[in-house]
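Visitor: Sharing query.txt here; it has compact mmCIF, C-alpha atoms and all ligand atoms.
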```txt
# COMPACT_ATOMS: atom_id res chain seq x y z
CA MET V 159 11.27 -5.41 11.82
CA GLU V 160 10.91 -1.81 12.91
CA ILE V 161 9.32 0.48 10.35
CA PRO V 162 11.89 2.99 9.03
CA ALA V 163 9.42 5.80 9.69
CA GLU V 164 11.25 8.83 8.33
CA LYS V 165 12.31 7.10 5.14
CA TRP V 166 8.80 5.83 4.49
CA PHE V 167 7.23 9.17 5.45
CA GLU V 168 9.30 10.79 2.71
CA ALA V 169 8.31 8.00 0.32
CA VAL V 170 4.61 8.69 0.99
CA ARG V 171 5.16 12.15 -0.45
CA LYS V 172 7.16 10.98 -3.45
CA ARG V 173 4.98 8.03 -4.40
CA SER V 174 2.44 7.97 -7.15
CA SER V 175 1.33 5.10 -9.36
CA ILE V 176 3.60 4.74 -12.39
CA ARG V 177 2.30 3.01 -15.49
CA THR V 178 5.10 3.71 -17.97
CA PHE V 179 8.38 2.06 -17.04
CA LEU V 180 11.72 1.54 -18.73
CA SER V 181 11.71 -1.92 -20.22
CA ALA V 182 14.10 -3.39 -17.64
CA SER V 183 14.20 -5.70 -14.65
CA LEU V 184 15.48 -4.39 -11.32
CA LYS V 185 19.22 -3.79 -11.26
CA ASP V 186 21.18 -6.49 -9.41
CA LYS V 187 22.16 -4.19 -6.58
CA ASP V 188 18.60 -2.92 -6.07
CA GLU V 189 17.27 -6.45 -6.29
CA LYS V 190 19.67 -7.66 -3.61
CA LYS V 191 18.83 -4.82 -1.24
CA PHE V 192 15.11 -5.06 -1.83
CA THR V 193 14.89 -8.85 -1.43
CA GLU V 194 16.87 -8.61 1.81
CA PHE V 195 14.26 -6.14 3.04
CA LEU V 196 11.44 -8.47 1.92
CA ASP V 197 12.90 -11.40 3.86
CA GLU V 198 12.58 -9.35 7.03
CA TRP V 199 9.27 -7.68 6.20
CA ASN V 200 7.68 -11.04 5.41
CA GLU V 201 8.01 -11.94 9.09
CA LYS V 202 5.38 -9.33 9.93
CA TYR V 203 2.19 -11.38 9.60
CA LYS V 204 2.00 -15.17 9.57
CA GLY V 205 0.02 -16.45 6.61
CA ILE V 206 0.87 -13.55 4.28
CA ARG V 207 3.95 -13.46 2.10
CA ILE V 208 5.22 -11.17 -0.61
CA LYS V 209 7.11 -12.88 -3.39
CA TYR V 210 9.46 -10.97 -5.67
CA VAL V 211 9.54 -11.99 -9.34
CA ARG V 212 12.43 -10.65 -11.42
CA ASP V 213 10.90 -11.00 -14.89
CA GLY V 214 7.57 -11.72 -16.46
CA PHE V 215 5.27 -8.85 -15.57
CA GLN V 216 4.36 -8.20 -19.20
CA GLU V 217 3.00 -11.77 -19.41
CA VAL V 218 0.96 -11.14 -16.29
CA ALA V 219 -0.39 -7.77 -17.43
CA LYS V 220 -0.95 -9.00 -20.98
CA GLY V 221 -4.16 -8.31 -22.78
CA PHE V 222 -5.36 -5.13 -21.14
CA VAL V 223 -5.74 -1.95 -23.12
CA GLY V 224 -6.77 1.57 -22.21
CA SER V 225 -5.10 3.93 -19.80
CA TYR V 226 -6.29 2.32 -16.55
CA GLY V 227 -4.43 -0.86 -16.08
CA LYS V 228 -2.15 -0.61 -19.06
CA ILE V 229 1.27 -0.89 -17.54
CA GLU V 230 4.08 -0.53 -20.03
CA GLY V 231 7.64 -1.74 -19.75
CA ALA V 232 7.73 -3.13 -16.20
CA GLN V 233 9.36 -6.55 -16.02
CA SER V 234 9.71 -7.16 -12.27
CA TYR V 235 6.80 -7.42 -9.86
CA LEU V 236 5.61 -8.52 -6.44
CA VAL V 237 2.87 -11.02 -5.71
CA ILE V 238 1.00 -10.85 -2.41
CA LEU V 239 -0.06 -14.31 -1.31
CA ALA V 240 -2.38 -15.09 1.59
CA GLU V 241 -3.17 -18.44 3.17
CA LYS V 242 -6.94 -18.85 2.87
CA ASN V 243 -7.60 -19.24 6.58
CA THR V 244 -5.51 -16.30 7.75
CA PRO V 245 -7.69 -13.92 9.78
CA TYR V 246 -7.87 -10.36 8.37
CA LYS V 247 -5.95 -11.44 5.28
CA ASN V 248 -7.09 -8.44 3.23
CA GLU V 249 -6.06 -5.81 5.77
CA LYS V 250 -2.74 -7.56 6.37
CA SER V 251 -2.08 -7.91 2.62
CA GLY V 252 -2.69 -4.19 2.09
CA TYR V 253 -0.50 -3.22 5.02
CA MET V 254 2.38 -5.46 3.97
CA GLY V 255 2.11 -4.58 0.30
CA GLU V 256 2.24 -0.87 1.02
CA GLY V 257 5.27 -1.34 3.28
CA ALA V 258 6.99 -2.94 0.29
CA VAL V 259 5.86 -0.08 -1.95
CA LEU V 260 7.22 2.58 0.41
CA GLU V 261 10.54 0.76 0.74
CA ALA V 262 10.78 0.45 -3.06
CA VAL V 263 9.97 4.14 -3.59
CA SER V 264 12.58 5.13 -1.01
CA MET V 265 15.12 3.21 -3.14
CA GLY V 266 14.10 5.02 -6.34
CA ILE V 267 12.02 2.09 -7.62
CA SER V 268 8.60 3.02 -8.98
CA THR V 269 5.48 0.96 -8.37
CA CYS V 270 1.86 0.40 -9.31
CA TRP V 271 -0.54 -1.78 -7.35
CA VAL V 272 -2.55 -3.94 -9.75
CA THR V 273 -5.54 -5.84 -8.42
CA GLY V 274 -7.82 -5.66 -11.41
CA THR V 275 -5.98 -5.74 -14.65
CA TYR V 276 -3.77 -8.82 -14.54
CA LYS V 277 -3.94 -12.51 -15.30
CA LYS V 278 -3.85 -14.74 -12.23
CA LYS V 279 -3.31 -17.80 -14.39
CA ASN V 280 -0.07 -16.36 -15.72
CA VAL V 281 1.13 -15.51 -12.22
CA SER V 282 0.56 -19.14 -11.23
CA LYS V 283 2.81 -20.20 -14.10
CA GLN V 284 5.65 -18.03 -12.83
CA VAL V 285 5.34 -18.44 -9.06
CA ASP V 286 5.11 -21.47 -6.80
CA ILE V 287 1.82 -21.02 -5.02
CA LYS V 288 0.86 -23.40 -2.23
CA ASP V 289 -2.52 -25.17 -2.37
CA ASP V 290 -3.91 -23.15 0.50
CA GLU V 291 -2.71 -19.79 -0.83
CA ILE V 292 -4.59 -17.21 -2.85
CA ILE V 293 -3.22 -14.27 -4.82
CA LYS V 294 -4.38 -10.98 -3.30
CA SER V 295 -2.63 -8.58 -5.65
CA VAL V 296 0.40 -7.90 -7.77
CA ILE V 297 2.53 -4.77 -7.73
CA ALA V 298 4.56 -3.71 -10.78
CA LEU V 299 8.14 -2.67 -9.99
CA GLY V 300 10.68 -0.82 -12.08
CA TYR V 301 12.16 2.47 -13.13
CA ALA V 302 9.85 5.22 -14.33
CA LYS V 303 10.38 6.18 -17.94
CA ASP V 304 10.06 9.88 -17.24
CA LYS V 305 12.40 10.48 -14.39
CA THR V 306 11.04 13.46 -12.52
CA LYS V 307 13.25 15.94 -10.77
CA LEU V 308 12.85 16.50 -7.06
CA SER V 309 11.10 19.82 -7.58
CA GLU V 310 8.52 18.07 -9.73
CA LYS V 311 8.08 15.44 -7.04
CA LEU V 312 7.02 18.13 -4.61
CA VAL V 313 4.43 19.20 -7.13
CA LYS V 314 3.36 15.58 -7.29
CA THR V 315 2.53 15.57 -3.57
CA ILE V 316 0.24 18.50 -4.14
CA VAL V 317 -1.39 16.73 -7.07
CA SER V 318 -1.89 13.52 -5.02
CA SER V 319 -3.30 15.56 -2.20
CA GLU V 320 -5.77 17.20 -4.54
CA LYS V 321 -6.85 13.81 -5.80
CA ARG V 322 -7.86 12.81 -2.28
CA LYS V 323 -10.97 13.53 -0.24
CA PRO V 324 -10.50 16.23 2.40
CA LEU V 325 -10.04 15.08 6.00
CA GLU V 326 -13.33 16.74 6.95
CA GLU V 327 -15.07 14.16 4.79
CA LEU V 328 -12.99 11.24 6.04
CA CYS V 329 -13.35 11.85 9.79
CA GLU V 330 -16.56 10.84 11.52
CA ASN V 331 -17.01 14.06 13.46
CA GLY V 332 -15.05 16.40 11.22
CA VAL V 333 -11.63 17.79 12.05
CA ASP V 334 -10.82 19.10 15.52
CA GLU V 335 -8.10 21.75 15.62
CA ASN V 336 -7.26 20.61 19.16
CA TRP V 337 -6.21 17.12 18.15
CA PRO V 338 -2.60 16.39 19.12
CA ASP V 339 -0.07 16.87 16.32
CA TRP V 340 0.53 13.13 15.97
CA VAL V 341 -3.15 12.55 15.20
CA LYS V 342 -3.16 15.27 12.55
CA THR V 343 0.02 13.91 10.91
CA ALA V 344 -1.18 10.29 11.07
CA LEU V 345 -4.50 11.18 9.43
CA GLU V 346 -2.92 13.38 6.78
CA THR V 347 -0.47 10.58 5.93
CA ALA V 348 -3.30 8.02 5.75
CA ARG V 349 -5.25 10.36 3.49
CA LEU V 350 -2.49 10.19 0.86
CA ALA V 351 -2.69 6.40 0.64
CA PRO V 352 -3.41 4.88 -2.75
CA SER V 353 -6.53 2.76 -3.28
CA ALA V 354 -8.04 0.85 -6.18
CA ILE V 355 -9.60 3.36 -8.61
CA ASN V 356 -8.79 5.98 -5.98
CA ARG V 357 -12.03 5.18 -4.14
CA GLN V 358 -10.60 5.93 -0.67
CA PRO V 359 -13.00 3.62 1.17
CA TRP V 360 -11.57 4.38 4.61
CA ARG V 361 -13.04 6.55 7.33
CA PHE V 362 -11.50 7.55 10.65
CA ARG V 363 -12.70 8.13 14.19
CA VAL V 364 -10.36 9.73 16.69
CA GLU V 365 -10.65 8.36 20.23
CA ASP V 366 -8.73 9.22 23.41
CA ASP V 367 -6.29 6.35 23.07
CA GLY V 368 -6.01 6.02 19.31
CA ILE V 369 -7.59 6.12 15.86
CA VAL V 370 -10.23 3.75 14.48
CA VAL V 371 -10.24 2.92 10.77
CA TYR V 372 -13.57 1.78 9.38
CA LEU V 373 -15.23 1.22 6.02
CA ALA V 374 -17.36 3.82 4.32
CA LYS V 375 -20.76 2.49 3.27
CA SER V 376 -20.58 1.10 -0.25
CA ASP V 377 -21.81 -1.75 -2.42
CA ASP V 378 -18.30 -2.58 -3.61
CA GLU V 379 -16.87 -5.91 -2.60
CA LYS V 380 -15.73 -5.71 1.05
CA GLY V 381 -12.55 -7.78 0.83
CA SER V 382 -10.87 -5.51 -1.65
CA ARG V 383 -11.91 -2.39 0.25
CA LYS V 384 -10.37 -3.90 3.37
CA LEU V 385 -7.16 -4.35 1.41
CA ASP V 386 -7.30 -0.61 0.65
CA CYS V 387 -7.79 0.04 4.37
CA GLY V 388 -4.70 -2.04 5.14
CA ILE V 389 -2.76 0.33 2.87
CA ALA V 390 -4.11 3.34 4.75
CA MET V 391 -3.19 1.65 8.05
CA ALA V 392 0.44 1.43 6.95
CA HIS V 393 0.42 5.14 6.09
CA LEU V 394 -1.33 6.09 9.33
CA GLU V 395 1.29 4.25 11.38
CA VAL V 396 4.16 5.86 9.46
CA GLY V 397 2.65 9.30 10.21
CA ALA V 398 2.25 8.46 13.90
CA LEU V 399 5.79 7.08 14.21
CA CYS V 400 7.20 10.15 12.51
CA SER V 401 5.51 12.25 15.17
CA GLY V 402 7.12 10.13 17.89
CA VAL V 403 4.05 8.01 18.70
CA LYS V 404 4.34 4.23 18.71
CA GLY V 405 1.31 2.02 18.83
CA SER V 406 -0.16 -1.30 17.85
CA TRP V 407 -3.03 -2.40 15.63
CA LYS V 408 -6.06 -4.19 16.97
CA LEU V 409 -7.86 -5.71 14.01
CA SER V 410 -11.60 -5.88 14.53
CA LEU V 411 -14.81 -7.04 12.89
CA ASP V 412 -17.12 -5.21 10.45
CA PRO V 413 -17.71 -2.41 9.81
CA GLU V 414 -14.66 -1.35 11.79
CA VAL V 415 -11.44 -2.50 10.29
CA ALA V 416 -8.85 -1.78 12.94
CA LYS V 417 -7.80 0.53 15.73
CA PHE V 418 -4.35 2.02 16.14
CA ILE V 419 -3.81 2.08 19.89
CA LYS V 420 -1.25 4.52 21.17
CA GLU V 421 1.41 2.96 23.42
C1 LIG V 501 -5.25 -2.04 -4.18
C2 LIG V 501 -5.01 -1.24 -5.43
C3 LIG V 501 -5.31 -1.77 -6.67
C4 LIG V 501 -5.05 -1.07 -7.84
N1 LIG V 501 -5.31 -1.67 -9.04
C5 LIG V 501 -4.95 -1.01 -10.18
C6 LIG V 501 -5.11 -1.66 -11.45
O1 LIG V 501 -5.58 -2.79 -11.54
N2 LIG V 501 -4.71 -0.98 -12.54
C7 LIG V 501 -4.18 0.28 -12.47
O2 LIG V 501 -3.81 0.84 -13.49
N3 LIG V 501 -4.04 0.93 -11.28
C8 LIG V 501 -4.39 0.30 -10.15
N4 LIG V 501 -4.22 0.93 -8.93
C9 LIG V 501 -3.69 2.29 -8.85
C10 LIG V 501 -4.76 3.29 -8.43
O3 LIG V 501 -5.57 3.62 -9.52
C11 LIG V 501 -4.09 4.55 -7.83
O4 LIG V 501 -3.39 4.17 -6.68
C12 LIG V 501 -5.09 5.63 -7.44
O5 LIG V 501 -5.75 6.11 -8.58
C13 LIG V 501 -4.39 6.82 -6.76
O6 LIG V 501 -3.37 7.35 -7.55
P1 LIG V 501 -1.85 7.39 -7.06
O7 LIG V 501 -1.45 5.98 -6.70
O8 LIG V 501 -1.05 7.91 -8.22
O9 LIG V 501 -1.76 8.28 -5.85
C14 LIG V 501 -4.50 0.23 -7.76
C15 LIG V 501 -4.21 0.77 -6.50
C16 LIG V 501 -4.46 0.05 -5.35
C17 LIG V 501 -4.08 0.63 -4.05
```
Take the structure in the file and write it out as structure tokens.
Guide:
Amino acid sequence: MEIPAEKWFEAVRKRSSIRTFLSASLKDKDEKKFTEFLDEWNEKYKGIRIKYVRDGFQEVAKGFVGSYGKIEGAQSYLVILAEKNTPYKNEKSGYMGEGAVLEAVSMGISTCWVTGTYKKKNVSKQVDIKDDEIIKSVIALGYAKDKTKLSEKLVKTIVSSEKRKPLEELCENGVDENWPDWVKTALETARLAPSAINRQPWRFRVEDDGIVVYLAKSDDEKGSRKLDCGIAMAHLEVGALCSGVKGSWKLSLDPEVAKFIKE
């Protein structure tokens, strides 16, 4: 399916992780629309699928206390499943999961990625998981308890932006004022991507024909940082598309994650 670039670009600016939801499943009409989207989006990468679960998130999130990871109220959720032998399964899981997040946000559904604080065993009780599949993440879905007005959402973008590293730190050779507009927009959109504990493990290198995404040096587990990079890839592409530039991803080996090659 084609990425609905403008809709998702707007969602990038509205999105933030929500941890306090109304205690409700998705409304029937939202569920129908969202699952129709998922059927199409799931065609994107063979070996990765996103499964929607209407109820049961509280069972999955059960047992965790404290502000990080305590997700109240949400009933519905997504599970990202990857077949073990799928190449680049982490990057693809991040990319597909974030596509689902941006679609949800554009429908007024709030989200929170959850890779740490949930019980895999309880997910397995609720979802049919094939023998060769592993759970990469879950994403809580629902309606935020404190509905913010649009004006507050604009403030939110500023807050998210402040929570992120500046582009100068994320780009290998700093920022070049002469970069084409699409490059600037793509990088700025990628910069706003969410990541586990907001660690922003991605770095960028601008080349003549595209943008390389690679991993910052770190001792953290690589697989999960590559999932974060997949999320940033989805944002980067949305930014490029919104500036009128189509391209394709070439996934590559360590330490580079992928290159967005301009058409
Ligand atoms: C892959 C991934 C995993 C995450 N896991 C958790 C989690 O287990 N618990 C939690 O409360 N938040 C989790 N988050 C939310 C992040 O903490 C949040 O995205 C980050 O702090 C940036 O804030 P923002 O999403 O509001 O922009 C996760 C986010 C990502 C992208």
Visitor: For Lys204 in chain V, which of V:Trp337, V:Phe418, V:Trp360, V:Tyr246 is the closest residue, counting only C-alpha atoms?
Guide: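 Closest candidate: V:Tyr246.
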Visitor: Name the residues in contact with Val237 in chain V at a cut-off of 7 Å, using all atoms listed in the file, excluding same-chain residues fewer than 5 positions from it; report them as an NGL selection string.
Guide: :V and (208-210 or 293 or 295-297)
Visitor: Would you save the residues from that selection as an mmCIF file, in the frame of the given file, using C-alpha atoms?
Guide:
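Written out: part.cif:
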```cif
data_model
loop_
_atom_site.group_PDB
_atom_site.id
_atom_site.type_symbol
_atom_site.label_atom_id
_atom_site.label_comp_id
_atom_site.auth_asym_id
_atom_site.auth_seq_id
_atom_site.Cartn_x
_atom_site.Cartn_y
_atom_site.Cartn_z
ATOM 1 C CA ILE V 208 5.220 -11.170 -0.610
ATOM 2 C CA LYS V 209 7.110 -12.880 -3.390
ATOM 3 C CA TYR V 210 9.460 -10.970 -5.670
ATOM 4 C CA ILE V 293 -3.220 -14.270 -4.820
ATOM 5 C CA SER V 295 -2.630 -8.580 -5.650
ATOM 6 C CA VAL V 296 0.400 -7.900 -7.770
ATOM 7 C CA ILE V 297 2.530 -4.770 -7.730
#
```
Visitor: Show me, as a ChimeraX atom specification, the residues that have an atom within 9 Å of Ala416 in chain V when counting only C-alpha atoms, minus same-chain residues fewer than 3 positions from it.
Guide: /V:249,369-372,387-388,391,407-411
Visitor: Have a look at V:Ile206, V:Val415, V:Ile176, V:Leu236 and name the one nearest to Arg363 in chain V; count only C-alpha atoms.
Guide: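 Looking only at the distances to Arg363 in chain V, the closest residue turns out to be V:Val415.
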Visitor: Of the candidates V:Asp213, V:Asp386, V:Asp339, V:Asp186, which one gets nearest to ligand LIG 501 (chain V) if we count only C-alpha atoms and all ligand atoms?
Guide: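 Ranking V:Asp213, V:Asp386, V:Asp339, V:Asp186 by distance to ligand LIG 501 (chain V), first place goes to V:Asp386.
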Visitor: Any residue with an atom at most 10 Å from ligand LIG 501 (chain V) counts, using only C-alpha atoms and all ligand atoms. Which are they? Put them as number ranges by chain.
Guide: V: 170-177, 219, 222, 224-229, 248, 251-252, 255-256, 269-276, 294-298, 314-315, 317-322, 350-358, 382-390
Visitor: Tell me which of V:Met254, V:Leu299, V:Val285, V:Ala163 sits closest to Ala344 in chain V, counting all atoms listed in the file.
Guide: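 For Ala344 in chain V, the nearest of the given residues is V:Ala163.
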Visitor: From the set V:Phe195, V:Phe167, V:Tyr235, V:Phe362, which residue has the shortest atom-to-atom contact distance to Gly300 in chain V, counting only C-alpha atoms?
Guide: V:Tyr235
Visitor: Expressed in Å to a single decimal, how great is the separation between CA of Glu414 in chain V and CA of Leu373 in chain V?
Guide: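 It comes out at 6.3 Å.
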Visitor: For a quick check of understanding, using all atoms listed in the file, which of V:Lys190, V:Arg361, V:Lys342, V:Lys165 has the smallest distance to Glu327 in chain V?
Guide: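 Of the candidates, the smallest distance to Glu327 in chain V is held by V:Arg361.
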Visitor: List as an MDAnalysis selection string: which residues have an atom within 7 Å of (-3.2, -23.7, 2.0), counting all atoms listed in the file?
Guide: chainID V and resid 241:242 288:291
Visitor: Which value, in Å to one decimal, gives the distance between CA of Pro245 in chain V and CA of Lys202 in chain V?
Guide: 13.9 Å
Visitor: Quick check, in Å to one decimal: how far apart do CA of Cys400 in chain V and CA of Pro162 in chain V lie?
Guide: 9.2 Å
Visitor: For range 187-189 of chain V, find every residue with an atom within 9 Å (counting all atoms listed in the file), except residues of its own chain fewer than 5 positions away, and show them as a PyMOL selection string.
Guide: chain V and resi 194+212+265+267
